[in-house]
$ cat target27.cif   # mmCIF, C-alpha atoms
data_upload
#
loop_
_atom_site.group_PDB
_atom_site.id
_atom_site.type_symbol
_atom_site.label_atom_id
_atom_site.label_comp_id
_atom_site.auth_asym_id
_atom_site.auth_seq_id
_atom_site.Cartn_x
_atom_site.Cartn_y
_atom_site.Cartn_z
ATOM 1 C CA LEU A 5 15.406 0.693 14.839
ATOM 2 C CA GLY A 6 12.678 1.276 17.396
ATOM 3 C CA CYS A 7 9.473 -0.498 18.305
ATOM 4 C CA ALA A 8 8.069 -3.978 17.690
ATOM 5 C CA ALA A 9 5.743 -2.641 14.973
ATOM 6 C CA ASN A 10 8.744 -1.250 13.098
ATOM 7 C CA ARG A 11 10.456 -4.626 13.385
ATOM 8 C CA VAL A 12 7.460 -6.238 11.718
ATOM 9 C CA ASP A 13 7.655 -3.697 8.879
ATOM 10 C CA THR A 14 11.403 -4.335 8.629
ATOM 11 C CA GLU A 15 10.772 -8.039 8.082
ATOM 12 C CA ARG A 16 8.272 -7.139 5.359
ATOM 13 C CA VAL A 17 11.031 -5.149 3.652
ATOM 14 C CA ARG A 18 13.440 -8.096 4.009
ATOM 15 C CA ALA A 19 10.840 -10.373 2.417
ATOM 16 C CA MET A 20 10.415 -7.943 -0.486
ATOM 17 C CA CYS A 21 14.179 -7.904 -1.052
ATOM 18 C CA ARG A 22 14.360 -11.706 -1.000
ATOM 19 C CA ALA A 23 11.486 -11.887 -3.482
ATOM 20 C CA ALA A 24 13.453 -9.564 -5.767
ATOM 21 C CA GLY A 25 16.490 -11.860 -5.624
ATOM 22 C CA TRP A 26 18.658 -9.844 -3.228
ATOM 23 C CA GLU A 27 21.036 -11.576 -0.809
ATOM 24 C CA SER A 28 21.846 -10.024 2.556
ATOM 25 C CA THR A 29 25.284 -9.103 3.872
ATOM 26 C CA PRO A 30 26.334 -7.937 7.358
ATOM 27 C CA GLU A 31 28.946 -5.646 5.821
ATOM 28 C CA PRO A 32 27.614 -2.264 4.589
ATOM 29 C CA ARG A 33 30.603 -1.758 2.271
ATOM 30 C CA GLU A 34 29.655 -4.912 0.350
ATOM 31 C CA ALA A 35 26.022 -3.915 -0.189
ATOM 32 C CA ASP A 36 24.513 -2.653 -3.430
ATOM 33 C CA LEU A 37 21.358 -1.603 -1.572
ATOM 34 C CA LEU A 38 21.167 -0.350 2.009
ATOM 35 C CA VAL A 39 17.840 0.211 3.784
ATOM 36 C CA VAL A 40 17.550 2.047 7.105
ATOM 37 C CA MET A 41 14.252 1.506 8.929
ATOM 38 C CA THR A 42 14.166 4.614 11.096
ATOM 39 C CA TYR A 43 12.237 5.429 14.270
ATOM 40 C CA GLY A 44 11.279 8.930 15.383
ATOM 41 C CA PHE A 45 8.896 8.638 18.323
ATOM 42 C CA THR A 46 11.144 10.782 20.547
ATOM 43 C CA ARG A 47 13.809 13.387 19.820
ATOM 44 C CA TYR A 48 16.531 11.008 21.028
ATOM 45 C CA GLN A 49 15.370 8.207 18.736
ATOM 46 C CA GLU A 50 15.198 10.666 15.853
ATOM 47 C CA LYS A 51 18.817 11.617 16.549
ATOM 48 C CA VAL A 52 19.873 7.945 16.582
ATOM 49 C CA SER A 53 18.113 7.333 13.261
ATOM 50 C CA VAL A 54 19.718 10.349 11.577
ATOM 51 C CA GLN A 55 23.119 9.306 12.901
ATOM 52 C CA ARG A 56 22.694 5.823 11.425
ATOM 53 C CA ILE A 57 21.689 7.283 8.053
ATOM 54 C CA SER A 58 24.800 9.472 8.051
ATOM 55 C CA GLU A 59 27.044 6.553 9.044
ATOM 56 C CA LEU A 60 25.799 4.366 6.200
ATOM 57 C CA GLN A 61 25.945 7.275 3.761
ATOM 58 C CA ALA A 62 29.654 7.547 4.561
ATOM 59 C CA LEU A 63 30.300 3.785 4.492
ATOM 60 C CA LYS A 64 28.501 2.788 1.301
ATOM 61 C CA ARG A 65 30.175 2.436 -2.053
ATOM 62 C CA ASP A 66 29.524 5.192 -4.603
ATOM 63 C CA SER A 67 27.543 2.804 -6.799
ATOM 64 C CA ALA A 68 25.318 1.611 -3.938
ATOM 65 C CA GLU A 69 21.867 3.030 -3.158
ATOM 66 C CA LEU A 70 20.749 4.057 0.315
ATOM 67 C CA VAL A 71 16.996 3.973 1.005
ATOM 68 C CA VAL A 72 15.363 5.352 4.158
ATOM 69 C CA GLY A 73 12.159 3.816 5.517
ATOM 70 C CA GLY A 74 10.412 3.650 8.866
ATOM 71 C CA CYS A 75 8.468 6.450 10.491
ATOM 72 C CA LEU A 76 10.989 9.316 10.507
ATOM 73 C CA PRO A 77 10.438 10.377 6.847
ATOM 74 C CA SER A 78 6.802 11.070 7.755
ATOM 75 C CA ILE A 79 7.536 12.658 11.144
ATOM 76 C CA ASN A 80 10.468 14.912 10.220
ATOM 77 C CA ALA A 81 11.217 14.878 6.502
ATOM 78 C CA ASN A 82 13.669 17.783 6.858
ATOM 79 C CA ALA A 83 15.885 15.814 9.230
ATOM 80 C CA VAL A 84 16.004 12.919 6.764
ATOM 81 C CA THR A 85 16.633 15.183 3.766
ATOM 82 C CA GLN A 86 19.600 16.846 5.470
ATOM 83 C CA ALA A 87 21.246 13.449 5.974
ATOM 84 C CA HIS A 88 20.017 11.755 2.820
ATOM 85 C CA GLY A 89 18.573 13.097 -0.405
ATOM 86 C CA GLY A 90 17.434 9.804 -1.930
ATOM 87 C CA PHE A 91 14.368 7.577 -1.932
ATOM 88 C CA THR A 92 12.254 7.346 1.227
ATOM 89 C CA PHE A 93 9.048 5.593 2.283
ATOM 90 C CA GLY A 94 6.971 5.323 5.453
ATOM 91 C CA PRO A 95 4.787 2.824 7.328
ATOM 92 C CA ARG A 96 1.772 3.754 5.199
ATOM 93 C CA THR A 97 3.705 3.530 1.925
ATOM 94 C CA LEU A 98 5.559 0.205 2.107
ATOM 95 C CA GLU A 99 4.172 -0.632 -1.321
ATOM 96 C CA GLN A 100 6.293 2.164 -2.790
ATOM 97 C CA PHE A 101 9.406 0.206 -1.873
ATOM 98 C CA TRP A 102 7.881 -2.915 -3.447
ATOM 99 C CA ARG A 103 7.195 -0.995 -6.663
ATOM 100 C CA ARG A 104 10.761 0.274 -6.657
ATOM 101 C CA LEU A 105 12.002 -3.311 -6.565
ATOM 102 C CA PHE A 106 9.397 -4.431 -9.101
ATOM 103 C CA PRO A 107 8.611 -1.474 -11.423
ATOM 104 C CA GLY A 108 5.224 -1.594 -13.072
ATOM 105 C CA THR A 109 3.677 -3.976 -10.532
ATOM 106 C CA GLY A 110 0.796 -3.411 -8.139
ATOM 107 C CA ALA A 111 0.732 -3.386 -4.365
ATOM 108 C CA ASP A 112 2.954 -5.629 -2.257
ATOM 109 C CA PRO A 113 1.472 -9.170 -2.235
ATOM 110 C CA LEU A 114 3.560 -10.280 0.768
ATOM 111 C CA MET A 115 0.841 -9.459 3.264
ATOM 112 C CA SER A 116 1.758 -11.846 6.109
ATOM 113 C CA THR A 117 3.101 -9.941 9.100
ATOM 114 C CA VAL A 118 4.413 -12.913 11.115
ATOM 115 C CA THR A 119 7.829 -11.912 12.457
ATOM 116 C CA ALA A 120 10.193 -13.820 14.732
ATOM 117 C CA CYS A 121 10.791 -12.307 18.150
ATOM 118 C CA ASN A 122 14.558 -12.706 18.415
ATOM 119 C CA GLU A 123 14.580 -12.270 22.191
ATOM 120 C CA GLU A 124 12.149 -15.150 22.782
ATOM 121 C CA PRO A 125 12.383 -18.408 20.771
ATOM 122 C CA GLY A 126 9.021 -19.725 19.643
ATOM 123 C CA VAL A 127 7.426 -16.287 19.899
ATOM 124 C CA ALA A 128 6.153 -14.354 16.871
ATOM 125 C CA LEU A 129 5.119 -10.732 16.419
ATOM 126 C CA ILE A 130 1.991 -9.970 14.382
ATOM 127 C CA ARG A 131 0.963 -6.455 13.386
ATOM 128 C CA VAL A 132 -2.787 -6.091 13.911
ATOM 129 C CA ALA A 133 -3.236 -2.368 13.241
ATOM 130 C CA THR A 134 -1.464 0.712 11.924
ATOM 131 C CA GLY A 135 -1.911 4.193 13.320
ATOM 132 C CA CYS A 136 -3.649 5.653 16.326
ATOM 133 C CA LEU A 137 -7.169 6.629 17.360
ATOM 134 C CA ASP A 138 -6.090 9.696 19.363
ATOM 135 C CA ARG A 139 -4.259 12.968 18.703
ATOM 136 C CA CYS A 140 -2.066 13.583 21.753
ATOM 137 C CA THR A 141 -0.050 16.790 21.453
ATOM 138 C CA TYR A 142 3.195 15.184 22.677
ATOM 139 C CA CYS A 143 3.153 12.197 20.293
ATOM 140 C CA ALA A 144 4.534 11.939 16.755
ATOM 141 C CA ILE A 145 2.884 8.623 15.820
ATOM 142 C CA PRO A 146 -0.133 10.195 14.010
ATOM 143 C CA PHE A 147 2.245 12.024 11.656
ATOM 144 C CA ALA A 148 3.842 8.732 10.631
ATOM 145 C CA ASN A 149 0.911 6.340 10.700
ATOM 146 C CA GLY A 150 -2.242 8.458 10.517
ATOM 147 C CA ARG A 151 -5.597 7.344 11.859
ATOM 148 C CA ILE A 152 -5.910 3.778 13.011
ATOM 149 C CA ARG A 153 -6.460 1.111 10.360
ATOM 150 C CA SER A 154 -7.263 -2.286 11.864
ATOM 151 C CA ARG A 155 -6.688 -5.596 10.150
ATOM 152 C CA SER A 156 -9.623 -7.979 10.155
ATOM 153 C CA PRO A 157 -9.805 -10.874 12.639
ATOM 154 C CA GLU A 158 -9.744 -13.257 9.661
ATOM 155 C CA ASP A 159 -6.470 -11.800 8.348
ATOM 156 C CA ILE A 160 -4.888 -11.985 11.791
ATOM 157 C CA GLU A 161 -6.103 -15.563 12.237
ATOM 158 C CA ARG A 162 -4.508 -16.444 8.889
ATOM 159 C CA ASP A 163 -1.170 -15.102 10.143
ATOM 160 C CA ILE A 164 -1.457 -17.063 13.394
ATOM 161 C CA ARG A 165 -2.154 -20.266 11.490
ATOM 162 C CA ALA A 166 0.875 -19.556 9.276
ATOM 163 C CA GLY A 167 2.890 -18.980 12.440
ATOM 164 C CA PHE A 168 1.788 -22.343 13.838
ATOM 165 C CA ASP A 169 2.967 -23.966 10.613
ATOM 166 C CA SER A 170 6.363 -22.302 11.120
ATOM 167 C CA GLY A 171 6.696 -23.585 14.689
ATOM 168 C CA TYR A 172 5.469 -20.600 16.713
ATOM 169 C CA ARG A 173 3.109 -21.068 19.653
ATOM 170 C CA VAL A 174 3.056 -17.638 21.323
ATOM 171 C CA PHE A 175 1.954 -14.548 19.412
ATOM 172 C CA HIS A 176 2.448 -10.920 20.419
ATOM 173 C CA LEU A 177 -0.134 -8.649 18.792
ATOM 174 C CA VAL A 178 1.529 -5.320 18.023
ATOM 175 C CA GLY A 179 0.490 -1.899 16.783
ATOM 176 C CA GLU A 180 1.029 1.750 17.627
ATOM 177 C CA ASP A 181 -2.256 1.897 19.584
ATOM 178 C CA ILE A 182 -3.107 -1.727 20.279
ATOM 179 C CA GLY A 183 -5.943 -0.905 22.674
ATOM 180 C CA ALA A 184 -7.787 0.975 19.922
ATOM 181 C CA TRP A 185 -7.949 -1.985 17.543
ATOM 182 C CA GLY A 186 -11.266 -1.998 15.685
ATOM 183 C CA GLY A 187 -12.344 1.423 16.939
ATOM 184 C CA GLU A 188 -12.836 2.774 13.420
ATOM 185 C CA GLN A 189 -15.031 -0.238 12.612
ATOM 186 C CA GLY A 190 -17.227 -0.153 15.714
ATOM 187 C CA ARG A 191 -15.398 -3.152 17.218
ATOM 188 C CA ASP A 192 -13.012 -3.522 20.141
ATOM 189 C CA LEU A 193 -10.035 -5.586 21.234
ATOM 190 C CA VAL A 194 -12.206 -8.021 23.196
ATOM 191 C CA THR A 195 -13.911 -8.968 19.920
ATOM 192 C CA LEU A 196 -10.529 -9.788 18.370
ATOM 193 C CA LEU A 197 -9.320 -11.800 21.374
ATOM 194 C CA ASP A 198 -12.562 -13.796 21.495
ATOM 195 C CA HIS A 199 -12.115 -14.634 17.818
ATOM 196 C CA LEU A 200 -8.462 -15.662 18.120
ATOM 197 C CA LEU A 201 -8.866 -17.683 21.305
ATOM 198 C CA GLY A 202 -11.719 -19.557 19.664
ATOM 199 C CA ILE A 203 -9.687 -21.045 16.820
ATOM 200 C CA ASP A 204 -8.947 -24.749 17.062
ATOM 201 C CA ARG A 205 -5.206 -24.564 17.786
ATOM 202 C CA ARG A 206 -5.515 -22.363 20.884
ATOM 203 C CA PRO A 207 -2.654 -19.868 20.468
ATOM 204 C CA VAL A 208 -1.137 -18.065 23.425
ATOM 205 C CA VAL A 209 -1.849 -14.401 22.662
ATOM 206 C CA LYS A 210 -0.105 -11.442 24.300
ATOM 207 C CA LEU A 211 -0.547 -7.731 23.707
ATOM 208 C CA GLY A 212 2.478 -5.616 22.783
ATOM 209 C CA GLN A 213 3.235 -2.065 21.696
#

$ encode --input "target27.cif" --output "structure tokens"
Amino acid sequence: LGCAANRVDTERVRAMCRAAGWESTPEPREADLLVVMTYGFTRYQEKVSVQRISELQALKRDSAELVVGGCLPSINANAVTQAHGGFTFGPRTLEQFWRRLFPGTGADPLMSTVTACNEEPGVALIRVATGCLDRCTYCAIPFANGRIRSRSPEDIERDIRAGFDSGYRVFHLVGEDIGAWGGEQGRDLVTLLDHLLGIDRRPVVKLGQ
């Protein structure tokens, strides 16, 4: 549910499940594990997320496990707890889900964030930062993602090169506060764009949420 950044995190979760040997099914009643990637930026979106949790809670088999991820557990834990009393994780704690799939292991090694943009063939989404530089009183993002943490230009370049190898040519850079990329490191978005547009394969780069 929700924004492009959450879709990137959702694909990370899918990759973790595939690495653990899980197969996907479109039918909730057939699943042994159900994961809801929630979104809670506004009250309406919070309501939609809670409703989806409740729907899957009612649909799942007794032996199946329902896990709640995304930003809502960090924004409004009480709302999640009322609908679901099981395991939860947030954008800053994706590795907890990995460790649940692989007990006793370290952090998630599946670090690539290249994600297909289903609405536009040949377009990929790449998460370049998590969190926000500001603290606006009306916004819930800081509760879910904390202060901004920018990925390095080298890591982002690696993802773009991997995207080229997978057939992508256009890359949307996404994050909760894309304009603040690098602010905690004394850098800015122009620095990142200069770096990416200077690589040999000349990607088409767009800025997203």

$ closest_residue --input "target27.cif" --among "A:Val194, A:Leu5, A:Ala83, A:Ile130" --to "Val174 (chain A)" --atoms "all atoms listed in the file"
A:Ile130

$ resolve_selection --input "target27.cif" --expression "the PyMOL selection byres ((chain A and resi 77) around 12)" --output "JSON, numbers by chain"
{"A": [40, 41, 42, 43, 44, 45, 50, 53, 54, 57, 71, 72, 73, 74, 75, 76, 78, 79, 80, 81, 82, 83, 84, 85, 86, 87, 88, 89, 90, 91, 92, 93, 94, 95, 96, 97, 144, 145, 147, 148, 149]}

$ resolve_selection --input "target27.cif" --expression "the PyMOL selection byres ((chain A and resi 209) around 9)" --output "list in words"
Arg173, Val174, Phe175, His176, Leu177, Leu197, Leu200, Leu201, Arg206, Pro207, Val208, Lys210 and Leu211 of chain A

$ closest_residue --input "target27.cif" --among "A:Glu69, A:Asp192, A:Asp169, A:Asp138" --to "Glu34 (chain A)" --atoms "only C-alpha atoms"
A:Glu69

$ atom_distance --input "target27.cif" --atom1 "CA of Ala68 (chain A)" --atom2 "CA of Glu15 (chain A)"
21.2 Å

$ atom_distance --input "target27.cif" --atom1 "CA of Gly135 (chain A)" --atom2 "CA of Gly150 (chain A)"
5.1 Å

$ atom_distance --input "target27.cif" --atom1 "CA of Ala133 (chain A)" --atom2 "CA of Pro146 (chain A)"
13.0 Å

$ closest_residue --input "target27.cif" --among "A:Thr141, A:Glu99, A:Leu37, A:Tyr48" --to "Asp66 (chain A)" --atoms "all atoms listed in the file"
A:Leu37

$ closest_residue --input "target27.cif" --among "A:Leu63, A:Val17, A:Val127, A:Leu98" --to "Gly171 (chain A)" --atoms "all atoms listed in the file"
A:Val127

$ residues_around --input "target27.cif" --residues "Asp204 (chain A)" --least-positions-apart "6" --cutoff "12 Å" --atoms "only C-alpha atoms" --output "ChimeraX atom specification"
/A:161,164-165,168

$ closest_residue --input "target27.cif" --among "A:Pro125, A:Glu188, A:Asp159, A:Leu196" --to "Tyr172 (chain A)" --atoms "only C-alpha atoms"
A:Pro125
